[in-house]
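K.L.:
Just one file: input39.txt, with compact mmCIF, C-alpha atoms (C1' of nucleotides).
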# COMPACT_ATOMS: atom_id res chain seq x y z
CA MET A 1 -7.51 -96.60 37.31
CA THR A 2 -4.51 -95.03 39.02
CA LYS A 3 -4.14 -91.28 39.33
CA THR A 4 -1.08 -91.46 37.09
CA ALA A 5 -3.01 -93.19 34.30
CA ARG A 6 -5.87 -90.71 34.54
CA GLN A 7 -3.56 -87.68 34.40
CA LEU A 8 -1.67 -89.16 31.49
CA LEU A 9 -4.84 -89.89 29.48
CA GLU A 10 -6.12 -86.35 30.07
CA TRP A 11 -2.81 -85.02 28.78
CA TYR A 12 -3.01 -87.36 25.78
CA ASP A 13 -6.49 -86.12 24.88
CA ARG A 14 -5.15 -82.58 24.81
CA ASN A 15 -1.86 -83.29 23.02
CA ARG A 16 -2.58 -86.25 20.75
CA ARG A 17 -0.50 -86.26 17.58
CA GLN A 18 -2.00 -87.23 14.22
CA LEU A 19 0.05 -90.02 12.67
CA PRO A 20 -0.68 -91.87 9.41
CA TRP A 21 -1.34 -95.17 11.21
CA ARG A 22 -3.33 -93.67 14.05
CA ALA A 23 -7.12 -93.92 13.74
CA ALA A 24 -9.13 -90.73 13.69
CA ASP A 25 -10.36 -89.64 17.11
CA GLY A 26 -12.89 -92.17 18.35
CA ALA A 27 -12.54 -94.50 15.36
CA ASP A 28 -11.30 -98.08 15.58
CA ALA A 29 -7.71 -98.72 14.65
CA ASP A 30 -7.13 -101.02 11.68
CA PRO A 31 -5.07 -104.03 12.84
CA TYR A 32 -3.23 -104.19 9.50
CA HIS A 33 -2.20 -100.55 9.80
CA VAL A 34 -1.24 -100.91 13.45
CA TRP A 35 0.81 -104.04 12.75
CA LEU A 36 2.60 -102.57 9.72
CA SER A 37 3.50 -99.39 11.60
CA GLU A 38 4.64 -101.21 14.73
CA ILE A 39 7.02 -103.44 12.75
CA MET A 40 8.47 -100.42 10.98
CA LEU A 41 8.79 -98.48 14.23
CA GLN A 42 10.97 -101.14 15.88
CA GLN A 43 14.21 -99.27 16.66
CA THR A 44 13.22 -96.66 14.10
CA THR A 45 12.06 -93.09 14.56
CA VAL A 46 8.55 -91.89 13.70
CA ALA A 47 9.92 -89.37 11.19
CA THR A 48 11.75 -92.08 9.26
CA VAL A 49 8.79 -94.47 9.22
CA LYS A 50 6.13 -92.09 7.88
CA GLY A 51 7.21 -92.18 4.23
CA TYR A 52 7.75 -95.92 4.20
CA PHE A 53 4.37 -96.55 5.80
CA GLU A 54 2.57 -94.50 3.16
CA LYS A 55 4.41 -96.23 0.33
CA PHE A 56 3.67 -99.71 1.67
CA LEU A 57 0.00 -98.96 2.24
CA ALA A 58 -0.40 -97.49 -1.24
CA ARG A 59 1.24 -100.51 -2.87
CA TRP A 60 -0.30 -103.17 -0.61
CA PRO A 61 -3.60 -101.90 0.85
CA SER A 62 -4.41 -105.16 2.64
CA VAL A 63 -2.65 -108.03 4.34
CA GLU A 64 -3.84 -110.26 1.48
CA ALA A 65 -2.14 -108.01 -1.06
CA LEU A 66 1.09 -107.98 0.92
CA ALA A 67 1.02 -111.76 1.34
CA ALA A 68 0.64 -112.22 -2.41
CA ALA A 69 3.66 -110.04 -3.27
CA PRO A 70 7.04 -111.56 -4.17
CA GLN A 71 9.58 -111.24 -1.35
CA GLU A 72 11.89 -109.29 -3.65
CA ASP A 73 9.28 -106.57 -4.05
CA VAL A 74 8.84 -106.26 -0.29
CA LEU A 75 12.61 -106.04 0.27
CA GLN A 76 12.89 -103.44 -2.48
CA GLU A 77 10.32 -101.20 -0.76
CA TRP A 78 12.02 -101.78 2.60
CA ALA A 79 15.47 -100.84 1.27
CA GLY A 80 17.06 -98.12 3.39
CA LEU A 81 14.91 -98.75 6.46
CA GLY A 82 17.34 -101.25 7.97
CA TYR A 83 16.99 -104.41 10.05
CA TYR A 84 15.94 -106.39 7.00
CA ALA A 85 14.84 -109.41 9.02
CA ARG A 86 11.84 -107.24 9.82
CA ALA A 87 10.89 -107.17 6.14
CA ARG A 88 11.38 -110.91 5.71
CA ASN A 89 9.30 -111.61 8.83
CA LEU A 90 6.70 -109.03 7.78
CA HIS A 91 6.17 -110.95 4.57
CA LYS A 92 6.09 -114.32 6.35
CA CYS A 93 3.67 -112.94 8.93
CA ALA A 94 1.30 -111.65 6.25
CA GLN A 95 1.30 -115.05 4.57
CA THR A 96 0.63 -116.79 7.89
CA VAL A 97 -2.25 -114.46 8.74
CA VAL A 98 -3.83 -115.16 5.35
CA SER A 99 -3.22 -118.90 5.23
CA GLU A 100 -3.81 -119.81 8.88
CA HIS A 101 -6.03 -117.05 10.26
CA ASP A 102 -8.33 -116.36 7.34
CA GLY A 103 -6.79 -112.93 6.81
CA GLU A 104 -7.63 -111.71 10.33
CA PHE A 105 -4.93 -110.86 12.87
CA PRO A 106 -5.22 -112.68 16.22
CA SER A 107 -6.82 -110.36 18.76
CA THR A 108 -4.78 -111.34 21.84
CA GLU A 109 -1.22 -110.62 22.86
CA GLU A 110 -0.53 -114.35 23.09
CA GLY A 111 -1.90 -115.07 19.64
CA LEU A 112 -0.04 -112.17 18.09
CA LYS A 113 3.29 -113.14 19.65
CA ALA A 114 3.09 -116.52 17.92
CA LEU A 115 3.55 -114.74 14.58
CA PRO A 116 6.95 -114.05 12.98
CA GLY A 117 8.46 -110.67 13.85
CA ILE A 118 6.03 -110.02 16.73
CA GLY A 119 7.72 -110.12 20.13
CA ASP A 120 6.92 -108.87 23.63
CA TYR A 121 6.59 -105.21 22.75
CA THR A 122 4.80 -105.50 19.41
CA GLY A 123 2.39 -108.20 20.58
CA ALA A 124 1.33 -106.08 23.55
CA ALA A 125 1.13 -102.90 21.46
CA ILE A 126 -1.12 -104.38 18.76
CA ALA A 127 -3.33 -106.11 21.35
CA ALA A 128 -3.77 -102.84 23.24
CA ILE A 129 -4.07 -100.39 20.33
CA ALA A 130 -6.05 -102.46 17.82
CA PHE A 131 -8.03 -104.75 20.15
CA GLY A 132 -8.33 -102.93 23.49
CA GLU A 133 -6.57 -105.60 25.55
CA ALA A 134 -5.02 -104.27 28.77
CA ALA A 135 -1.59 -105.58 27.77
CA THR A 136 1.59 -104.20 29.31
CA VAL A 137 3.38 -102.26 26.58
CA VAL A 138 7.07 -101.57 27.20
CA ASP A 139 9.32 -99.98 24.60
CA GLY A 140 12.38 -97.78 24.99
CA ASN A 141 10.25 -94.73 25.79
CA VAL A 142 8.29 -96.55 28.47
CA GLU A 143 11.52 -97.91 29.98
CA ARG A 144 12.74 -94.37 30.40
CA VAL A 145 9.47 -92.94 31.74
CA VAL A 146 8.89 -95.80 34.17
CA SER A 147 12.49 -96.06 35.36
CA ARG A 148 12.26 -92.37 36.29
CA LEU A 149 8.75 -92.55 37.69
CA PHE A 150 9.78 -95.35 40.09
CA ARG A 151 13.48 -94.41 40.18
CA VAL A 152 14.67 -97.89 39.18
CA THR A 153 18.36 -98.00 40.14
CA GLU A 154 18.99 -101.45 38.70
CA ALA A 155 20.70 -101.35 35.27
CA LEU A 156 19.20 -102.53 31.98
CA PRO A 157 18.73 -105.14 30.69
CA ALA A 158 18.45 -106.79 34.11
CA ALA A 159 15.90 -104.14 35.13
CA LYS A 160 13.45 -105.11 32.38
CA LYS A 161 11.45 -107.39 34.66
CA ALA A 162 11.00 -104.76 37.37
CA ILE A 163 10.14 -102.10 34.80
CA LYS A 164 7.49 -104.31 33.23
CA GLU A 165 5.94 -104.97 36.64
CA HIS A 166 5.86 -101.27 37.43
CA THR A 167 4.30 -100.57 34.02
CA ALA A 168 1.65 -103.23 34.62
CA SER A 169 0.83 -101.61 37.95
CA ILE A 170 -0.23 -98.36 36.25
CA THR A 171 -1.76 -99.78 33.03
CA PRO A 172 -5.54 -99.19 33.10
CA SER A 173 -8.16 -101.66 31.86
CA GLU A 174 -9.93 -98.74 30.16
CA ARG A 175 -8.29 -97.27 27.07
CA PRO A 176 -5.10 -99.35 27.35
CA GLY A 177 -4.17 -98.53 23.76
CA ASP A 178 -4.39 -94.79 24.37
CA PHE A 179 -2.46 -95.23 27.60
CA ALA A 180 0.36 -97.04 25.78
CA GLN A 181 0.54 -94.42 23.07
CA ALA A 182 0.41 -91.66 25.67
CA MET A 183 3.38 -93.18 27.50
CA MET A 184 5.33 -93.36 24.26
CA ASP A 185 4.40 -89.81 23.23
CA LEU A 186 5.45 -88.63 26.67
CA GLY A 187 8.80 -90.38 26.36
CA ALA A 188 9.36 -89.06 22.85
CA GLY A 189 8.48 -85.42 23.53
CA VAL A 190 8.65 -84.67 27.24
CA CYS A 191 10.49 -87.34 29.20
CA THR A 192 13.45 -87.23 26.80
CA PRO A 193 16.85 -88.88 27.38
CA LYS A 194 18.53 -85.49 27.87
CA SER A 195 17.02 -82.31 29.31
CA PRO A 196 13.55 -83.73 30.02
CA LYS A 197 10.82 -81.10 30.02
CA CYS A 198 9.52 -81.88 33.48
CA LEU A 199 7.60 -78.60 33.68
CA LEU A 200 5.37 -79.88 30.87
CA CYS A 201 4.97 -83.36 32.35
CA PRO A 202 1.46 -84.32 33.47
CA ILE A 203 2.77 -86.95 35.92
CA ARG A 204 5.76 -85.16 37.45
CA THR A 205 4.16 -84.97 40.90
CA GLY A 206 4.29 -88.74 41.12
CA CYS A 207 7.80 -89.02 39.68
CA ALA A 208 10.45 -90.26 42.11
CA ALA A 209 13.40 -89.17 39.96
CA HIS A 210 11.94 -85.71 39.53
CA GLU A 211 11.52 -85.52 43.28
CA ALA A 212 15.17 -86.48 43.75
CA GLY A 213 16.28 -84.21 40.90
CA ASP A 214 18.35 -86.84 39.10
CA MET A 215 16.08 -87.69 36.13
CA GLU A 216 18.88 -87.98 33.59
CA ARG A 217 20.49 -90.84 35.50
CA PHE A 218 17.65 -93.09 34.37
CA PRO A 219 17.36 -95.57 32.88
CA VAL A 220 20.66 -96.92 34.18
CA LYS A 221 22.39 -98.87 31.42
CA ALA A 222 25.26 -101.33 31.18
CA PRO A 223 28.41 -99.93 29.52
CA LYS A 224 28.76 -100.69 25.81
CA LYS A 225 31.55 -102.24 23.84
CA THR A 226 33.62 -100.42 21.25
CA LYS A 227 33.03 -101.24 17.59
CA PRO A 228 35.83 -102.87 15.58
CA THR A 229 36.56 -101.88 11.97
CA ARG A 230 36.24 -104.36 9.11
CA ARG A 231 37.84 -103.70 5.74
CA ALA A 232 37.15 -105.13 2.31
CA MET A 233 37.44 -104.61 -1.45
CA SER A 234 34.22 -104.52 -3.49
CA PHE A 235 33.83 -105.43 -7.15
CA TRP A 236 32.05 -103.33 -9.78
CA LEU A 237 31.72 -105.34 -12.99
CA GLU A 238 30.11 -103.70 -15.99
CA HIS A 239 28.93 -105.02 -19.34
CA ASP A 240 26.74 -103.45 -21.98
CA GLY A 241 25.08 -100.93 -19.68
CA HIS A 242 24.57 -103.44 -16.88
CA VAL A 243 26.30 -103.92 -13.54
CA LEU A 244 26.75 -107.19 -11.68
CA LEU A 245 24.93 -107.45 -8.35
CA GLU A 246 24.80 -110.21 -5.78
CA ARG A 247 21.61 -111.47 -4.11
CA ARG A 248 22.75 -112.02 -0.54
CA PRO A 249 21.80 -115.18 1.38
CA GLN A 250 18.58 -115.03 3.42
CA LYS A 251 20.32 -115.37 6.76
CA GLY A 252 22.73 -112.91 8.30
CA LEU A 253 23.66 -109.31 7.60
CA LEU A 254 21.51 -107.62 4.92
CA GLY A 255 19.89 -111.01 4.25
CA GLY A 256 18.03 -111.27 0.95
CA MET A 257 19.16 -107.83 -0.19
CA PRO A 258 21.10 -106.97 -3.36
CA GLY A 259 24.69 -105.72 -3.14
CA PHE A 260 28.12 -105.87 -4.69
CA PHE A 261 30.40 -108.86 -4.64
CA SER A 262 33.34 -108.27 -2.33
CA THR A 263 36.12 -109.84 -0.34
CA PRO A 264 34.94 -111.07 3.06
CA TRP A 265 34.24 -108.25 5.54
CA GLU A 266 36.98 -108.99 8.06
CA GLU A 267 38.26 -107.13 11.08
CA ARG A 268 41.76 -106.05 10.02
CA ALA A 269 44.07 -103.03 10.11
CA THR A 270 44.69 -102.73 6.36
CA PHE A 271 42.82 -103.38 3.13
CA PRO A 272 43.25 -106.69 1.33
CA THR A 273 46.31 -106.68 -0.95
CA LYS A 274 46.03 -107.46 -4.64
CA GLU A 275 47.29 -110.93 -3.88
CA GLU A 276 44.42 -111.35 -1.44
CA TRP A 277 41.57 -109.87 -3.47
CA LEU A 278 42.56 -111.76 -6.62
CA ASP A 279 41.20 -114.91 -4.94
CA HIS A 280 37.78 -113.32 -4.47
CA ARG A 281 37.23 -111.50 -7.78
CA PRO A 282 34.12 -112.66 -9.65
CA THR A 283 35.90 -112.81 -13.04
CA GLU A 284 39.42 -112.85 -14.44
CA ASP A 285 38.91 -109.55 -16.27
CA TYR A 286 41.34 -106.67 -15.78
CA TRP A 287 40.50 -105.16 -12.38
CA LYS A 288 41.53 -101.63 -11.61
CA PRO A 289 41.33 -99.93 -8.19
CA LEU A 290 39.27 -96.76 -7.97
CA GLU A 291 39.98 -93.67 -5.90
CA GLY A 292 37.93 -93.17 -2.78
CA LEU A 293 36.79 -94.98 0.29
CA ALA A 294 33.27 -95.84 1.43
CA LYS A 295 32.60 -95.82 5.18
CA HIS A 296 29.53 -97.19 6.87
CA THR A 297 28.66 -98.08 10.44
CA PHE A 298 26.49 -101.04 11.36
CA THR A 299 25.16 -101.92 14.78
CA HIS A 300 28.29 -103.69 15.94
CA PHE A 301 31.10 -102.76 13.54
CA HIS A 302 32.45 -100.09 11.19
CA LEU A 303 33.03 -101.01 7.56
CA GLU A 304 35.49 -99.45 5.15
CA THR A 305 35.65 -100.59 1.56
CA LYS A 306 37.41 -99.58 -1.61
CA LEU A 307 36.15 -100.37 -5.08
CA LEU A 308 37.69 -102.34 -7.94
CA THR A 309 36.20 -101.96 -11.41
CA ALA A 310 36.34 -104.05 -14.57
CA LYS A 311 34.57 -104.43 -17.89
CA ALA A 312 33.35 -107.93 -18.59
CA ASP A 313 33.89 -109.58 -21.98
CA ALA A 314 30.55 -111.33 -21.77
CA LYS A 315 27.40 -111.35 -19.66
CA LEU A 316 28.25 -114.50 -17.78
CA ASN A 317 25.79 -116.11 -15.39
CA PHE A 318 26.70 -116.02 -11.73
CA GLU A 319 25.60 -118.12 -8.80
CA ASN A 320 23.59 -115.70 -6.61
CA GLY A 321 24.41 -112.92 -9.05
CA PHE A 322 22.38 -110.97 -11.60
CA TRP A 323 22.96 -108.21 -14.13
CA HIS A 324 21.04 -105.02 -13.50
CA PRO A 325 20.64 -102.10 -15.92
CA LEU A 326 22.85 -99.24 -14.80
CA ALA A 327 20.22 -96.64 -15.62
CA GLN A 328 17.87 -98.22 -13.09
CA LEU A 329 20.34 -98.72 -10.27
CA GLU A 330 18.22 -96.49 -8.03
CA ASP A 331 15.23 -98.81 -8.37
CA VAL A 332 16.83 -102.09 -7.34
CA GLY A 333 16.65 -101.24 -3.63
CA LEU A 334 20.24 -101.19 -2.44
CA PRO A 335 20.93 -101.03 1.29
CA THR A 336 22.63 -97.79 2.27
CA VAL A 337 26.12 -99.27 2.52
CA PHE A 338 25.95 -100.36 -1.13
CA LYS A 339 24.62 -96.99 -2.22
CA LYS A 340 27.72 -95.46 -0.69
CA ILE A 341 29.93 -97.97 -2.49
CA ALA A 342 28.15 -97.33 -5.80
CA ALA A 343 28.72 -93.61 -5.33
CA LEU A 344 32.47 -94.22 -5.55
CA LYS A 345 31.86 -95.18 -9.18
CA THR A 346 28.91 -93.06 -10.21
CA THR A 347 29.98 -89.75 -8.67
CA PRO A 348 33.44 -88.36 -9.37
CA GLN A 349 35.91 -88.61 -6.49
CA LYS A 350 38.32 -85.85 -5.61
C1' DA B 1 22.39 -112.98 29.26
C1' DA B 2 24.89 -111.89 25.29
C1' DC B 3 25.00 -111.29 20.51
C1' DT B 4 23.31 -110.16 15.85
C1' DC B 5 20.95 -107.11 13.06
C1' DG B 6 20.58 -100.67 9.88
C1' DG B 7 20.23 -96.38 9.52
C1' DG B 8 19.41 -91.68 10.63
C1' DG B 9 18.94 -87.63 13.58
C1' DG B 10 20.20 -84.90 17.71
C1' DG B 11 23.32 -83.08 21.09
C1' DC C 1 31.92 -88.26 18.34
C1' DC C 2 28.27 -90.38 21.09
C1' DC C 3 23.58 -91.44 21.97
C1' DC C 4 19.01 -93.21 21.00
C1' DC C 5 15.20 -94.90 18.48
C1' DA C 6 7.20 -97.77 19.36
C1' DG C 7 12.93 -104.65 19.44
C1' DA C 8 13.09 -109.58 17.65
C1' DG C 9 15.47 -113.76 16.99
C1' DT C 10 19.28 -116.70 17.91
C1' DT C 11 22.76 -118.81 20.71
Will you turn the file into structure tokens for me?
P.N.:
Amino acid sequence: MTKTARQLLEWYDRNRRQLPWRAADGADADPYHVWLSEIMLQQTTVATVKGYFEKFLARWPSVEALAAAPQEDVLQEWAGLGYYARARNLHKCAQTVVSEHDGEFPSTEEGLKALPGIGDYTGAAIAAIAFGEAATVVDGNVERVVSRLFRVTEALPAAKKAIKEHTASITPSERPGDFAQAMMDLGAGVCTPKSPKCLLCPIRTGCAAHEAGDMERFPVKAPKKTKPTRRAMSFWLEHDGHVLLERRPQKGLLGGMPGFFSTPWEERATFPTKEEWLDHRPTEDYWKPLEGLAKHTFTHFHLETKLLTAKADAKLNFENGFWHPLAQLEDVGLPTVFKKIAALKTTPQK
DNA sequence: AACTCGGGGGG
DNA sequence: CCCCCAGAGTT
């Protein structure tokens, strides 16, 4: 074991955080818990995940229970957490583990990575944390810690290969799961993107960037593109205490989630004119524009939408559409963008 | 290698 | 406003 790994593990033993998915000191980690938490933690902060993890575990205590659930129920519980492909793959993965692996998760990085939703990071993390394999675990925290430790001047994402090799060079064969979690805890609390707390760092003596005094330069990243703005009109159709919702297609943005019918979300400088939105309205009822504007930002674009409302004569059936009781709108599991759009109707605008 | 895919919190 | 976050899958 390298000196760096030993110092880090000693620090971890003194500063270990208790997290809902983390086994009690000395106990074995439950692969189902580790897997569920790691999927939720992809691009998502610990604070955000905690509540969702508890809810999922209470509703589906085992991988068998999760596999047996309807996809709609899983998406409903996932609503608000984002990156909904994770929820679809989570469900698929559970079903695969039950049907093809007798309900037991594969115990190797290679076997895990063959499952839906488990990639380089998650496969290595589960193998190390739940099964003690000395896999090389690299997430955003580790990229930052290692790029500083070795002062990697190459920019991401090209630097990923070098960073992984450096990480492998300090990953111990003993306690690899604790080592991985220690690296991530260090990145989250000490080796932070801005104003890193180097005085508290257990491995600062071996840190090349700390030696040079330019820690915040790392990791070097490629410049990012500016986000365009898309604009659309959304449709709120009401009948007899119900509102019309759309079940979105499985592929693409917000796949499988409920939402409102709308004009296409297109990059444009102005909102669709009446002439334009007439072609996209779900019914020929009398549609009236509402005050207010809903704004939401996705990973690669901004969205602005206004709302049109109408009362339907009858509860018609819609392709990919369903009527949902207004009183239970909170329970359907709307993605955040549609909650904002609904608020234009349900809460008075100025 | 570049792009798609959410949402929230911190500076 | 910008940044980042226990990234994966597709093209």
K.L.:
Separation of atom CA of Ala180 of chain A and atom C1' of DC5 of chain B, in Å?
P.N.:
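Spanning atom CA of Ala180 of chain A to atom C1' of DC5 of chain B is a straight-line distance of 26.2 Å.
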K.L.:
Compute the set of chain A residues within 9 Å of chain C, using all atoms listed in the file, and express it as an MDAnalysis selection string.
P.N.:
chainID A and resid 37:46 85:86 116:122 125 138:141 181 184 193
K.L.:
Could you save the residues just selected, with C-alpha atoms, as a short mmCIF file (atom, residue, chain, number, x, y, z; two decimals), keeping the file's coordinate frame?
P.N.:
data_model
loop_
_atom_site.label_atom_id
_atom_site.label_comp_id
_atom_site.auth_asym_id
_atom_site.auth_seq_id
_atom_site.Cartn_x
_atom_site.Cartn_y
_atom_site.Cartn_z
CA SER A 37 3.50 -99.39 11.60
CA GLU A 38 4.64 -101.21 14.73
CA ILE A 39 7.02 -103.44 12.75
CA MET A 40 8.47 -100.42 10.98
CA LEU A 41 8.79 -98.48 14.23
CA GLN A 42 10.97 -101.14 15.88
CA GLN A 43 14.21 -99.27 16.66
CA THR A 44 13.22 -96.66 14.10
CA THR A 45 12.06 -93.09 14.56
CA VAL A 46 8.55 -91.89 13.70
CA ALA A 85 14.84 -109.41 9.02
CA ARG A 86 11.84 -107.24 9.82
CA PRO A 116 6.95 -114.05 12.98
CA GLY A 117 8.46 -110.67 13.85
CA ILE A 118 6.03 -110.02 16.73
CA GLY A 119 7.72 -110.12 20.13
CA ASP A 120 6.92 -108.87 23.63
CA TYR A 121 6.59 -105.21 22.75
CA THR A 122 4.80 -105.50 19.41
CA ALA A 125 1.13 -102.90 21.46
CA VAL A 138 7.07 -101.57 27.20
CA ASP A 139 9.32 -99.98 24.60
CA GLY A 140 12.38 -97.78 24.99
CA ASN A 141 10.25 -94.73 25.79
CA GLN A 181 0.54 -94.42 23.07
CA MET A 184 5.33 -93.36 24.26
CA PRO A 193 16.85 -88.88 27.38
#
K.L.:
Which one of A:Ala158, A:Leu326, A:Ala79, A:Met1 sits closest to DG7 of chain B if you count all atoms listed in the file?
P.N.:
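Closest candidate: A:Ala79.
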K.L.:
Can you check which parts of chain A lie within 8 Å of chain B? Per residue, the shortest pair of atoms and distance in Å to one decimal, counting all atoms listed in the file, sorted by chain and number, as CSV.
P.N.:
residue,atom,partner,partner_atom,distance
A:Thr48,CA,B:DG8,C1',7.8
A:Gly80,CA,B:DG7,C1',7.1
A:Leu81,CA,B:DG7,C1',6.6
A:Gly82,CA,B:DG6,C1',3.8
A:Tyr83,CA,B:DG6,C1',5.2
A:Tyr84,CA,B:DC5,C1',7.9
A:Ala85,CA,B:DC5,C1',7.7
A:Gly252,CA,B:DC5,C1',7.7
A:Leu253,CA,B:DC5,C1',6.5
A:Phe298,CA,B:DG6,C1',6.1
A:Thr299,CA,B:DG6,C1',6.8
A:Thr336,CA,B:DG7,C1',7.8
K.L.:
Between atom CA of Lys315 of chain A and atom CA of Trp265 of chain A, what is the distance in Å, rounded to a tenth?
P.N.:
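Taking atom CA of Lys315 of chain A as the start and atom CA of Trp265 of chain A as the end point, the length is 26.3 Å.
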K.L.:
For Glu154 of chain A, list every protein, DNA or RNA residue within 10 Å, evaluated using only C-alpha atoms (C1' of nucleotides), and leave out those in the same chain fewer than 5 positions away; present the list as number ranges by chain.
P.N.:
A: 147, 159-160, 162-163, 218-222
K.L.:
Interatomic distance between atom CA of Arg204 of chain A and atom CA of Glu133 of chain A?
P.N.:
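So the two atoms, atom CA of Arg204 of chain A and atom CA of Glu133 of chain A, lie 26.7 Å apart.
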K.L.:
Near Gly333 of chain A, within 12 Å and counting only C-alpha atoms (C1' of nucleotides), which residues show up once chain neighbours fewer than 4 positions away are dropped, as a VMD selection string?
P.N.:
chain A and resid 72 to 82 84 245 247 254 256 to 259 324 328 to 329 337 to 339
K.L.:
N, CA and C atoms are needed for segment 56-73 of chain A; please write them out as a short mmCIF file (atom, residue, chain, number, x, y, z; two decimals), keeping the file's coordinate frame.
P.N.:
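Just written: part25.cif:
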data_model
loop_
_atom_site.label_atom_id
_atom_site.label_comp_id
_atom_site.auth_asym_id
_atom_site.auth_seq_id
_atom_site.Cartn_x
_atom_site.Cartn_y
_atom_site.Cartn_z
N PHE A 56 4.12 -98.33 1.53
CA PHE A 56 3.67 -99.71 1.67
C PHE A 56 2.16 -99.80 1.56
N LEU A 57 1.46 -98.89 2.23
CA LEU A 57 0.00 -98.96 2.24
C LEU A 57 -0.57 -98.69 0.85
N ALA A 58 0.07 -97.79 0.11
CA ALA A 58 -0.40 -97.49 -1.24
C ALA A 58 -0.19 -98.70 -2.15
N ARG A 59 0.94 -99.38 -1.98
CA ARG A 59 1.24 -100.51 -2.87
C ARG A 59 0.51 -101.78 -2.45
N TRP A 60 0.37 -101.98 -1.12
CA TRP A 60 -0.30 -103.17 -0.61
C TRP A 60 -1.35 -102.75 0.42
N PRO A 61 -2.57 -102.46 -0.03
CA PRO A 61 -3.60 -101.90 0.85
C PRO A 61 -4.14 -102.88 1.88
N SER A 62 -3.87 -104.18 1.70
CA SER A 62 -4.41 -105.16 2.64
C SER A 62 -3.36 -106.22 2.94
N VAL A 63 -3.59 -106.96 3.99
CA VAL A 63 -2.65 -108.03 4.34
C VAL A 63 -2.64 -109.11 3.26
N GLU A 64 -3.78 -109.29 2.58
CA GLU A 64 -3.84 -110.26 1.48
C GLU A 64 -2.93 -109.82 0.33
N ALA A 65 -2.97 -108.53 0.03
CA ALA A 65 -2.14 -108.01 -1.06
C ALA A 65 -0.66 -108.16 -0.73
N LEU A 66 -0.31 -107.87 0.51
CA LEU A 66 1.09 -107.98 0.92
C LEU A 66 1.53 -109.44 0.88
N ALA A 67 0.67 -110.33 1.33
CA ALA A 67 1.02 -111.76 1.34
C ALA A 67 1.25 -112.29 -0.07
N ALA A 68 0.55 -111.73 -1.04
CA ALA A 68 0.64 -112.22 -2.41
C ALA A 68 1.85 -111.67 -3.15
N ALA A 69 2.51 -110.68 -2.59
CA ALA A 69 3.66 -110.04 -3.27
C ALA A 69 4.89 -110.95 -3.22
N PRO A 70 5.76 -110.87 -4.24
CA PRO A 70 7.04 -111.56 -4.17
C PRO A 70 7.91 -110.94 -3.08
N GLN A 71 8.72 -111.76 -2.42
CA GLN A 71 9.58 -111.24 -1.35
C GLN A 71 10.50 -110.13 -1.87
N GLU A 72 10.98 -110.29 -3.10
CA GLU A 72 11.89 -109.29 -3.65
C GLU A 72 11.26 -107.91 -3.69
N ASP A 73 9.97 -107.86 -4.00
CA ASP A 73 9.28 -106.57 -4.05
C ASP A 73 9.20 -105.94 -2.66
#
